[in-house]
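Written out below as structure tokens is the structure these notes cover.
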Number of protein chains: 2
Amino acid sequence: MGLASKIAKYMNCDMADYKSSRFPDNEIYTKIDTPLDEEDVIVIGNTNTDSNIISYLLLLDAAKEQNPKKLIALIPYFGYARQHKVYNKGEAIASKVLAKSIANFADAIIAIELHDEQTLSYISKPFENLKIKNPIYNFFKDKSIDYVVSPDDGGYARSLDMAKLLGCNAYYIDKKRLDANTVEMKLPEVNFNKKNVLLLDDMISTGNTMLSAIDLISDKGANNIYCCAIHGIFAGGSDSKIKDKIDELVVTDTIESEYSKLSVAADVAEYLKSLGF
Amino acid sequence: MGLASKIAKYMNCDMADYKSSRFPDNEIYTKIDTPLDEEDVIVIGNTNTDSNIISYLLLLDAAKEQNPKKLIALIPYFGYARQHKVYNKGEAIASKVLAKSIANFADAIIAIELHDEQTLSYISKPFENLKIKNPIYNFFKDKSIDYVVSPDDGGYARSLDMAKLLGCNAYYIDKKRLDANTVEMKLPEVNFNKKNVLLLDDMISTGNTMLSAIDLISDKGANNIYCCAIHGIFAGGSDSKIKDKIDELVVTDTIESEYSKLSVAADVAEYLKSLGF
């Protein structure tokens with residue numbers, strides 16, 4: 001993972017070598033080749049696919065087995081974080097399942113821009129939700145952004161923070177679910193004509209919310225429209241649908257893609273240093 | 001899973017309804033529709049693929065969230081059980097990862113014919129390794145078996161037990177690893193000519209050991225050769241390679257396939273009843 005080596009560089013620490021392969025019955029084999037005894041170890045991995053989760057748990061255990069001094073689980077994109085509570089009786093709390101499974105092996109967990117902080121409450125070990133602002137600010141500071149807009153009210157605080165840094169205004173789009181198949185989205189009553197708009201969210205998955213927001217703002221005669229998210233999941237190829245409608249689509253390297261023009265590495269390294277690493 | 005409904009029938013208990021689907025980003029959604037509050041609940045699932053493991057952990061959590069009186073994790077085929085210790089420094093103990101992850105949600109774990117009992121030591125909650133004999137005995141008792149043979153020394157105790165029940169002799173094949181690519185297999189010094197032989201093992205994965213054993217015994221002029229295992233994994237289509245060389249291939253329904261002519265359901269139900277369920 002390119003992000004891991006960037007973080008290692010900022011931290012001035014070594015990358016451990018490991019190999020991962022599959023047995024004929026498709027079970028994953030994991031071996032860390034670098035001795036980790038009595039070392040401070042940070043194990044980096046995403047929890048967004050079945051295979052990533054199993055690989056990551058095995059890697060954590062392989063590190064733990066070597067008796068490191070401290071073992072930190074750093075999860076750039078914490079998958080399953082939208083399933084953070086029981087919406088309807090009978091449902092699993094998937095983000096809890098992940099947090100507990102990881103906490104069996106790690107002394108502490110650091111997630112980046114977790115979708116909902118309720119997940120932090122499911123384990124008793126230290127669990128930090130690291131917010132990312134600097135790379136977004138640095139990328140957009142010279143782009144004369146007039147408005148930072150969150151595609152729904154849940155992301156308004158993030159947009160407000162960024163607007164303050166950029167010295168502009170923040171808004172959110174009022175999203176109302178009318179029934180199972182219909183969502184009404186209502187722009188704030190401000191003038192978008194010839195304005196440069198940054199649409200900012202924590203993640204882009206199917207991109208449906210983002211695409212609707214783009215259409216609404218575009219119809220109002222906006223000048224440049226930028227889309228930015230921390231996590232670019234791009235389910236169903238939503239990246240190309242978005243890209244075609246706007247001036248620029250950028251995400252961070254928590255999930256690496258061609259749109260990962262922002263890196264969280266410096267912010268992560270700074271945070272780790274603040275913990276004494 | 002057919003096994004679950006068979007067990008429910010023997011236990012005279014209800015099957016809970018649940019649904020499992022995938023979100024557009026491929027995360028698994030799980031919901032148990034049957035109320036489980038204050039009930040004794042047995043959640044049945046295998047841990048032999050990445051998806052099975054994640055699905056199973058979510059199902060356990062969905063059950064746990066309903067505050068059952070007792071929650072038992074029953075794992076017919078406990079995958080990753082061959083990775084039960086560190087063979088070379090740096091390796092993960094995969095069976096421990098699974099046991100700990102499951103123990104986060106279940107009050108107790110029951111596995112069927114676990115490959116190695118070391119895995120039982122990795123959690124402090126009750127963890128039972130249920131041995132299966134009856135369905136094997138019932139299937140082979142009228143087949144005039146002369147010898148029960150384990151394809152390696154690790155399975156000798158199982159073969160000995162079965163031979164005692166069947167009233168015949170047990171042997172094992174001496175398997176020596178000469179180097180990374182060469183294994184020497186040596187038959188016991190007994191007369192196989194015109195004998196009916198039951199080759200018995202805990203699992204058939206690539207089938208390589210079983211196939212070599214079949215060839216050796218076949219060359220000695222055996223009459224009927226039967227292959228039986230608890231868990232039929234059949235990696236790389238090994239089932240058809242084996243089937244073509246012998247009289248009959250049978251496994252249990254811990255992993256369901258066309259060869260699952262034996263069911264562990266009655267033995268599991270009897271054990272659960274002995275626990276007071």
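If you're wondering about the labels, chains in the structure tokens are A, B, ... by order shown, residues count from 1 in each chain, ligands from 1 in order shown.
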Report task. Quick one: everything within 7 Å of Val149 in chain A, counting only C-alpha atoms, minus sequence neighbours fewer than 6 positions away in the same chain. Send it as a PyMOL selection string. Result -> chain A and resi 159+170-172+198-200
Can you spit out the residues from that selection as an mmCIF file, in the first residue's frame, using all heavy atoms?
data_model
loop_
_atom_site.group_PDB
_atom_site.id
_atom_site.type_symbol
_atom_site.label_atom_id
_atom_site.label_comp_id
_atom_site.auth_asym_id
_atom_site.auth_seq_id
_atom_site.Cartn_x
_atom_site.Cartn_y
_atom_site.Cartn_z
ATOM 1 N N SER A 159 -18.100 20.513 6.259
ATOM 2 C CA SER A 159 -18.097 21.592 5.271
ATOM 3 C C SER A 159 -17.856 22.945 5.927
ATOM 4 O O SER A 159 -17.146 23.798 5.388
ATOM 5 C CB SER A 159 -19.430 21.613 4.516
ATOM 6 O OG SER A 159 -19.527 20.466 3.716
ATOM 7 N N ALA A 170 -20.388 27.978 4.035
ATOM 8 C CA ALA A 170 -20.739 26.557 3.956
ATOM 9 C C ALA A 170 -22.250 26.392 3.931
ATOM 10 O O ALA A 170 -22.977 27.144 4.596
ATOM 11 C CB ALA A 170 -20.156 25.803 5.143
ATOM 12 N N TYR A 171 -22.699 25.431 3.177
ATOM 13 C CA TYR A 171 -24.120 25.106 3.114
ATOM 14 C C TYR A 171 -24.297 23.597 3.077
ATOM 15 O O TYR A 171 -23.329 22.859 2.855
ATOM 16 C CB TYR A 171 -24.759 25.728 1.861
ATOM 17 C CG TYR A 171 -24.607 27.232 1.819
ATOM 18 C CD1 TYR A 171 -23.611 27.822 1.039
ATOM 19 C CD2 TYR A 171 -25.440 28.048 2.584
ATOM 20 C CE1 TYR A 171 -23.443 29.194 1.027
ATOM 21 C CE2 TYR A 171 -25.278 29.423 2.576
ATOM 22 C CZ TYR A 171 -24.278 29.998 1.799
ATOM 23 O OH TYR A 171 -24.124 31.346 1.794
ATOM 24 N N TYR A 172 -25.519 23.159 3.254
ATOM 25 C CA TYR A 172 -25.808 21.739 3.014
ATOM 26 C C TYR A 172 -27.099 21.626 2.239
ATOM 27 O O TYR A 172 -27.918 22.558 2.227
ATOM 28 C CB TYR A 172 -25.872 20.950 4.334
ATOM 29 C CG TYR A 172 -27.020 21.305 5.241
ATOM 30 C CD1 TYR A 172 -28.247 20.641 5.139
ATOM 31 C CD2 TYR A 172 -26.884 22.291 6.209
ATOM 32 C CE1 TYR A 172 -29.298 20.963 5.972
ATOM 33 C CE2 TYR A 172 -27.931 22.623 7.045
ATOM 34 C CZ TYR A 172 -29.147 21.962 6.921
ATOM 35 O OH TYR A 172 -30.182 22.285 7.746
ATOM 36 N N LEU A 198 -17.342 23.805 -3.973
ATOM 37 C CA LEU A 198 -16.694 22.563 -3.570
ATOM 38 C C LEU A 198 -17.722 21.686 -2.865
ATOM 39 O O LEU A 198 -18.206 22.023 -1.778
ATOM 40 C CB LEU A 198 -15.525 22.867 -2.613
ATOM 41 C CG LEU A 198 -14.926 21.676 -1.853
ATOM 42 C CD1 LEU A 198 -14.411 20.591 -2.811
ATOM 43 C CD2 LEU A 198 -13.794 22.153 -0.934
ATOM 44 N N LEU A 199 -18.090 20.576 -3.507
ATOM 45 C CA LEU A 199 -18.968 19.586 -2.870
ATOM 46 C C LEU A 199 -18.095 18.643 -2.063
ATOM 47 O O LEU A 199 -17.203 17.985 -2.611
ATOM 48 C CB LEU A 199 -19.747 18.816 -3.939
ATOM 49 C CG LEU A 199 -21.021 19.480 -4.448
ATOM 50 C CD1 LEU A 199 -21.433 18.892 -5.804
ATOM 51 C CD2 LEU A 199 -22.152 19.305 -3.439
ATOM 52 N N LEU A 200 -18.331 18.583 -0.760
ATOM 53 C CA LEU A 200 -17.443 17.833 0.138
ATOM 54 C C LEU A 200 -18.240 16.810 0.943
ATOM 55 O O LEU A 200 -19.274 17.129 1.523
ATOM 56 C CB LEU A 200 -16.753 18.824 1.086
ATOM 57 C CG LEU A 200 -15.753 18.281 2.090
ATOM 58 C CD1 LEU A 200 -14.550 17.649 1.400
ATOM 59 C CD2 LEU A 200 -15.292 19.397 3.041
#
Query raised in the report: Any idea which chain A residues end up within 9 Å of chain B if we count only C-alpha atoms, as a ChimeraX atom specification please?
Result: /A:18,24-36,48-55,57-66,79-80,83,86,88-94,96-97,100-102,104-105,205-206,233-236
Output file for the residues above (C-alpha atoms, as a short mmCIF file (atom, residue, chain, number, x, y, z; two decimals), in the first residue's frame):
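out.cif, written as the output of this step:
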data_model
loop_
_atom_site.label_atom_id
_atom_site.label_comp_id
_atom_site.auth_asym_id
_atom_site.auth_seq_id
_atom_site.Cartn_x
_atom_site.Cartn_y
_atom_site.Cartn_z
CA TYR A 18 5.44 -9.72 4.92
CA PRO A 24 -5.11 -24.68 -2.44
CA ASP A 25 -8.34 -24.55 -0.40
CA ASN A 26 -8.19 -20.74 -0.63
CA GLU A 27 -7.29 -20.12 3.01
CA ILE A 28 -4.95 -17.14 3.39
CA TYR A 29 -1.40 -17.71 4.62
CA THR A 30 0.33 -14.73 6.27
CA LYS A 31 3.90 -14.35 7.49
CA ILE A 32 5.72 -11.23 8.64
CA ASP A 33 9.41 -11.63 7.83
CA THR A 34 10.69 -8.66 9.84
CA PRO A 35 11.30 -9.30 13.57
CA LEU A 36 8.93 -7.10 15.59
CA ASN A 48 -13.92 -2.88 3.15
CA THR A 49 -13.99 -6.33 1.53
CA ASP A 50 -14.36 -9.83 2.98
CA SER A 51 -10.82 -10.68 1.90
CA ASN A 52 -9.33 -7.43 3.18
CA ILE A 53 -10.87 -8.05 6.60
CA ILE A 54 -9.58 -11.61 6.93
CA SER A 55 -6.14 -10.62 5.59
CA LEU A 57 -6.96 -9.78 11.08
CA LEU A 58 -4.32 -12.37 10.16
CA LEU A 59 -1.71 -9.65 9.74
CA LEU A 60 -2.58 -8.17 13.14
CA ASP A 61 -2.25 -11.59 14.74
CA ALA A 62 1.05 -12.29 13.00
CA ALA A 63 2.35 -9.01 14.44
CA LYS A 64 0.87 -9.69 17.88
CA GLU A 65 2.50 -13.15 18.01
CA GLN A 66 5.91 -11.45 17.86
CA GLY A 79 -15.48 -0.37 6.02
CA TYR A 80 -18.91 -1.30 7.39
CA GLN A 83 -23.84 -0.15 9.78
CA VAL A 86 -29.52 -1.35 14.80
CA ASN A 88 -34.38 -2.37 12.50
CA LYS A 89 -34.56 -5.09 15.15
CA GLY A 90 -32.64 -8.17 14.08
CA GLU A 91 -29.82 -6.40 12.29
CA ALA A 92 -26.14 -6.92 13.00
CA ILE A 93 -24.00 -3.95 14.04
CA ALA A 94 -21.31 -4.67 11.51
CA LYS A 96 -18.99 -3.33 16.09
CA VAL A 97 -18.10 -6.77 14.74
CA LYS A 100 -14.21 -6.02 18.43
CA SER A 101 -12.39 -8.42 16.11
CA ILE A 102 -9.56 -5.94 15.62
CA ASN A 104 -8.63 -8.73 20.09
CA PHE A 105 -5.14 -8.12 18.71
CA SER A 205 -19.95 5.11 -2.76
CA THR A 206 -22.69 4.74 -5.39
CA ILE A 233 -15.25 3.80 -2.91
CA PHE A 234 -16.85 4.42 -6.30
CA ALA A 235 -19.26 1.45 -6.25
CA GLY A 236 -20.58 0.57 -9.68
#
Requested in this report: Extract the full set of strand (DSSP E or B) residues from range 96-273 of chain B according to DSSP on the backbone, and format it as a PyMOL selection string.
Outcome: chain B and resi 108-112+127-130+147-150+169-172+174-179+182-186+197-204+225-232+248-252+260-262
Requested in this report: Please run DSSP on the backbone and report, as a PyMOL selection string, all residues within range 29-101 of chain A that come out as helix (DSSP H, G or I).
Outcome: chain A and resi 50-64+94-101
Quick one: write out the picked residues with N, CA and C atoms as a tab-separated table (two decimals), in the first residue's frame?
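Output file part-v1.tsv is given in full below:
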chain	number	residue	atom	x	y	z
A	50	ASP	N	-14.49	-8.61	2.17
A	50	ASP	CA	-14.36	-9.83	2.98
A	50	ASP	C	-12.89	-10.23	3.08
A	51	SER	N	-12.21	-10.24	1.93
A	51	SER	CA	-10.82	-10.68	1.90
A	51	SER	C	-9.91	-9.71	2.64
A	52	ASN	N	-10.14	-8.41	2.46
A	52	ASN	CA	-9.33	-7.43	3.18
A	52	ASN	C	-9.45	-7.62	4.69
A	53	ILE	N	-10.66	-7.90	5.15
A	53	ILE	CA	-10.87	-8.05	6.60
A	53	ILE	C	-10.11	-9.26	7.13
A	54	ILE	N	-10.27	-10.40	6.46
A	54	ILE	CA	-9.58	-11.61	6.93
A	54	ILE	C	-8.07	-11.42	6.86
A	55	SER	N	-7.58	-10.87	5.73
A	55	SER	CA	-6.14	-10.62	5.59
A	55	SER	C	-5.64	-9.72	6.71
A	56	TYR	N	-6.42	-8.70	7.03
A	56	TYR	CA	-5.99	-7.72	8.03
A	56	TYR	C	-5.95	-8.33	9.43
A	57	LEU	N	-6.96	-9.14	9.76
A	57	LEU	CA	-6.96	-9.78	11.08
A	57	LEU	C	-5.77	-10.74	11.21
A	58	LEU	N	-5.47	-11.46	10.13
A	58	LEU	CA	-4.32	-12.37	10.16
A	58	LEU	C	-3.01	-11.60	10.33
A	59	LEU	N	-2.93	-10.46	9.65
A	59	LEU	CA	-1.71	-9.65	9.74
A	59	LEU	C	-1.54	-9.09	11.15
A	60	LEU	N	-2.63	-8.66	11.75
A	60	LEU	CA	-2.58	-8.17	13.14
A	60	LEU	C	-2.10	-9.28	14.07
A	61	ASP	N	-2.64	-10.49	13.87
A	61	ASP	CA	-2.25	-11.59	14.74
A	61	ASP	C	-0.78	-11.97	14.53
A	62	ALA	N	-0.35	-11.96	13.28
A	62	ALA	CA	1.05	-12.29	13.00
A	62	ALA	C	1.98	-11.29	13.68
A	63	ALA	N	1.56	-10.03	13.73
A	63	ALA	CA	2.35	-9.01	14.44
A	63	ALA	C	2.29	-9.25	15.95
A	64	LYS	N	1.09	-9.48	16.44
A	64	LYS	CA	0.87	-9.69	17.88
A	64	LYS	C	1.69	-10.88	18.40
A	94	ALA	N	-22.51	-4.16	12.19
A	94	ALA	CA	-21.31	-4.67	11.51
A	94	ALA	C	-20.05	-3.92	11.95
A	95	SER	N	-20.16	-2.62	12.18
A	95	SER	CA	-18.95	-1.88	12.56
A	95	SER	C	-18.45	-2.33	13.93
A	96	LYS	N	-19.37	-2.78	14.78
A	96	LYS	CA	-18.99	-3.33	16.09
A	96	LYS	C	-18.25	-4.65	15.93
A	97	VAL	N	-18.75	-5.48	15.00
A	97	VAL	CA	-18.10	-6.77	14.74
A	97	VAL	C	-16.64	-6.54	14.36
A	98	LEU	N	-16.42	-5.57	13.47
A	98	LEU	CA	-15.05	-5.28	13.05
A	98	LEU	C	-14.21	-4.73	14.20
A	99	ALA	N	-14.77	-3.75	14.91
A	99	ALA	CA	-14.00	-3.12	15.99
A	99	ALA	C	-13.59	-4.14	17.04
A	100	LYS	N	-14.52	-5.02	17.41
A	100	LYS	CA	-14.21	-6.02	18.43
A	100	LYS	C	-13.19	-7.03	17.91
A	101	SER	N	-13.33	-7.43	16.66
A	101	SER	CA	-12.39	-8.42	16.11
A	101	SER	C	-10.98	-7.84	16.08
Report task. Calculate how many Å separate CA of Asn224 in chain A from CA of Glu256 in chain A, rounding to one decimal. Result ->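 Atom-to-atom, CA of Asn224 in chain A and CA of Glu256 in chain A are spaced 24.9 Å apart.
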Find the spatial neighbours of Leu216 in chain A, counting only C-alpha atoms, within a cut-off of 12 Å - ignore same-chain residues fewer than 3 positions away - and output them as a tab-separated table (two decimals) with N, CA and C atoms, in the first residue's frame.
chain	number	residue	atom	x	y	z
A	149	VAL	N	-20.14	22.95	0.00
A	149	VAL	CA	-21.50	22.41	0.16
A	149	VAL	C	-21.44	20.93	0.52
A	151	PRO	N	-23.43	17.45	0.60
A	151	PRO	CA	-24.59	16.91	-0.12
A	151	PRO	C	-25.73	16.49	0.81
A	173	ILE	N	-27.22	20.50	1.58
A	173	ILE	CA	-28.43	20.23	0.81
A	173	ILE	C	-29.38	19.45	1.69
A	174	ASP	N	-30.61	19.91	1.73
A	174	ASP	CA	-31.60	19.27	2.59
A	174	ASP	C	-32.16	18.05	1.86
A	184	GLU	N	-36.07	13.63	-1.81
A	184	GLU	CA	-36.17	15.01	-2.28
A	184	GLU	C	-34.94	15.77	-1.81
A	185	MET	N	-34.26	16.44	-2.73
A	185	MET	CA	-33.08	17.21	-2.35
A	185	MET	C	-33.33	18.68	-2.66
A	186	LYS	N	-33.08	19.52	-1.67
A	186	LYS	CA	-33.43	20.94	-1.79
A	186	LYS	C	-32.19	21.80	-1.53
A	187	LEU	N	-31.80	22.59	-2.52
A	187	LEU	CA	-30.62	23.46	-2.38
A	187	LEU	C	-30.91	24.58	-1.38
A	188	PRO	N	-29.87	25.07	-0.71
A	188	PRO	CA	-30.06	26.27	0.13
A	188	PRO	C	-30.37	27.47	-0.77
A	192	PHE	N	-26.08	30.59	-6.74
A	192	PHE	CA	-24.97	29.75	-7.22
A	192	PHE	C	-24.41	30.26	-8.55
A	193	ASN	N	-25.09	31.25	-9.14
A	193	ASN	CA	-24.69	31.70	-10.48
A	193	ASN	C	-23.24	32.19	-10.51
A	197	VAL	N	-17.89	26.08	-6.59
A	197	VAL	CA	-18.48	25.28	-5.51
A	197	VAL	C	-17.65	24.02	-5.25
A	199	LEU	N	-18.09	20.58	-3.51
A	199	LEU	CA	-18.97	19.59	-2.87
A	199	LEU	C	-18.09	18.64	-2.06
A	209	THR	N	-26.01	10.45	-4.32
A	209	THR	CA	-26.23	11.72	-3.64
A	209	THR	C	-25.40	12.82	-4.29
A	210	MET	N	-24.14	12.50	-4.55
A	210	MET	CA	-23.23	13.47	-5.15
A	210	MET	C	-23.73	13.88	-6.55
A	211	LEU	N	-24.18	12.89	-7.33
A	211	LEU	CA	-24.64	13.18	-8.69
A	211	LEU	C	-25.88	14.10	-8.68
A	212	SER	N	-26.79	13.84	-7.75
A	212	SER	CA	-27.98	14.70	-7.65
A	212	SER	C	-27.57	16.12	-7.26
A	213	ALA	N	-26.64	16.21	-6.32
A	213	ALA	CA	-26.17	17.53	-5.88
A	213	ALA	C	-25.52	18.29	-7.04
A	219	ASP	N	-27.47	23.29	-12.58
A	219	ASP	CA	-28.67	23.95	-13.12
A	219	ASP	C	-28.76	25.41	-12.69
A	220	LYS	N	-28.11	25.74	-11.58
A	220	LYS	CA	-28.17	27.10	-11.06
A	220	LYS	C	-27.07	27.98	-11.64
A	221	GLY	N	-26.33	27.44	-12.62
A	221	GLY	CA	-25.35	28.26	-13.32
A	221	GLY	C	-24.02	28.44	-12.61
A	222	ALA	N	-23.65	27.44	-11.79
A	222	ALA	CA	-22.35	27.52	-11.11
A	222	ALA	C	-21.21	27.58	-12.13
A	225	ILE	N	-17.30	23.44	-10.57
A	225	ILE	CA	-17.79	22.53	-9.52
A	225	ILE	C	-16.70	21.49	-9.26
A	245	LYS	N	-19.20	15.22	-15.22
A	245	LYS	CA	-20.12	16.33	-15.00
A	245	LYS	C	-19.47	17.53	-14.33
**Report entry** All residues 6 Å or closer to Ile109 in chain A, only C-alpha atoms, same chain fewer than 3 positions away omitted, as a list in words
**Finding:** Ile72, Ala73, Leu74 and Phe127 of chain A
Query - Glu128 in chain B environment, 8 Å, only C-alpha atoms, sequence neighbours closer than 5 positions dropped, as an MDAnalysis selection string - result: chainID B and resid 109:111 120
Atoms kept (all heavy atoms) for selection, written as a PDB file, in the first residue's frame:
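This is the output file out_6.pdb:
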ATOM      1  N   ILE B 109     -18.442 -22.282  22.016  1.00  0.00           N
ATOM      2  CA  ILE B 109     -18.237 -22.722  20.635  1.00  0.00           C
ATOM      3  C   ILE B 109     -18.222 -24.244  20.599  1.00  0.00           C
ATOM      4  O   ILE B 109     -17.635 -24.887  21.467  1.00  0.00           O
ATOM      5  CB  ILE B 109     -16.897 -22.192  20.061  1.00  0.00           C
ATOM      6  CG1 ILE B 109     -16.809 -20.664  20.178  1.00  0.00           C
ATOM      7  CG2 ILE B 109     -16.711 -22.630  18.607  1.00  0.00           C
ATOM      8  CD1 ILE B 109     -15.501 -20.077  19.625  1.00  0.00           C
ATOM      9  N   ILE B 110     -18.900 -24.789  19.612  1.00  0.00           N
ATOM     10  CA  ILE B 110     -18.806 -26.227  19.347  1.00  0.00           C
ATOM     11  C   ILE B 110     -18.317 -26.389  17.915  1.00  0.00           C
ATOM     12  O   ILE B 110     -18.946 -25.888  16.978  1.00  0.00           O
ATOM     13  CB  ILE B 110     -20.176 -26.928  19.481  1.00  0.00           C
ATOM     14  CG1 ILE B 110     -20.755 -26.694  20.886  1.00  0.00           C
ATOM     15  CG2 ILE B 110     -20.040 -28.423  19.187  1.00  0.00           C
ATOM     16  CD1 ILE B 110     -22.220 -27.105  21.016  1.00  0.00           C
ATOM     17  N   ALA B 111     -17.176 -27.042  17.755  1.00  0.00           N
ATOM     18  CA  ALA B 111     -16.683 -27.357  16.419  1.00  0.00           C
ATOM     19  C   ALA B 111     -16.799 -28.854  16.221  1.00  0.00           C
ATOM     20  O   ALA B 111     -16.800 -29.619  17.184  1.00  0.00           O
ATOM     21  CB  ALA B 111     -15.240 -26.918  16.276  1.00  0.00           C
ATOM     22  N   LEU B 120      -8.427 -25.176  20.723  1.00  0.00           N
ATOM     23  CA  LEU B 120      -9.322 -25.055  21.883  1.00  0.00           C
ATOM     24  C   LEU B 120      -8.726 -24.190  22.988  1.00  0.00           C
ATOM     25  O   LEU B 120      -9.447 -23.616  23.799  1.00  0.00           O
ATOM     26  CB  LEU B 120      -9.637 -26.444  22.464  1.00  0.00           C
ATOM     27  CG  LEU B 120     -10.258 -27.471  21.518  1.00  0.00           C
ATOM     28  CD1 LEU B 120     -10.409 -28.822  22.226  1.00  0.00           C
ATOM     29  CD2 LEU B 120     -11.608 -26.993  21.009  1.00  0.00           C
TER      30      LEU B 120
END
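Candidate residues B:Ser144, B:Asn181, B:Asn46, B:Asn134 were compared for distance to Met162 in chain B, and the nearest is B:Asn134, using only C-alpha atoms.
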Query - Contacts of Glu258 in chain B within 10 Å, only C-alpha atoms, excl. fewer than 5 positions in-chain, as a PyMOL selection string - result: chain B and resi 232+239+249-251+253
Let me see the file: selected residues, C-alpha atoms, as a compact mmCIF listing (two decimals), in the first residue's frame.
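Saved to result-v2.txt:
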# COMPACT_ATOMS: atom_id res chain seq x y z
CA GLY B 232 -15.10 -32.93 2.13
CA ASP B 239 -13.44 -35.45 -5.54
CA LEU B 249 -16.36 -41.82 -1.62
CA VAL B 250 -18.42 -40.57 1.32
CA VAL B 251 -18.19 -37.53 3.59
CA ASP B 253 -22.69 -32.87 5.69
Query raised in the report: Between CA of Val43 in chain A and CA of Ile75 in chain A, what is the spacing in Å?
Result: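 So the answer is 8.3 Å.
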Just want the 9 Å neighbourhood of Asp161 in chain A, counted on only C-alpha atoms, with same-chain residues fewer than 4 positions away dropped. Output as a PDB file with C-alpha atoms, in the first residue's frame.
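Printed below is around_18.pdb as written:
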ATOM      1  CA  LYS A 133      -8.369  18.768   6.802  1.00  0.00           C
ATOM      2  CA  TYR A 156     -22.410  19.971   7.372  1.00  0.00           C
ATOM      3  CA  ALA A 157     -19.898  20.223  10.240  1.00  0.00           C
ATOM      4  CA  LEU A 165     -10.223  27.484   6.544  1.00  0.00           C
ATOM      5  CA  LEU A 166     -10.915  28.572   2.972  1.00  0.00           C
ATOM      6  CA  ALA A 170     -20.739  26.557   3.956  1.00  0.00           C
TER       7      ALA A 170
END
Under the rule of at most 12 Å, produce a per-residue listing of range 223-266 of chain A near range 10-15 of chain A: chain, number, name, the closest pair of atoms, and the distance in Å, as a tab-separated table, using only C-alpha atoms.
residue	atom	partner	partner_atom	distance
A:Ser263	CA	A:Tyr10	CA	11.8
A:Val264	CA	A:Tyr10	CA	11.1
A:Ala265	CA	A:Tyr10	CA	7.4
A:Ala266	CA	A:Tyr10	CA	6.5
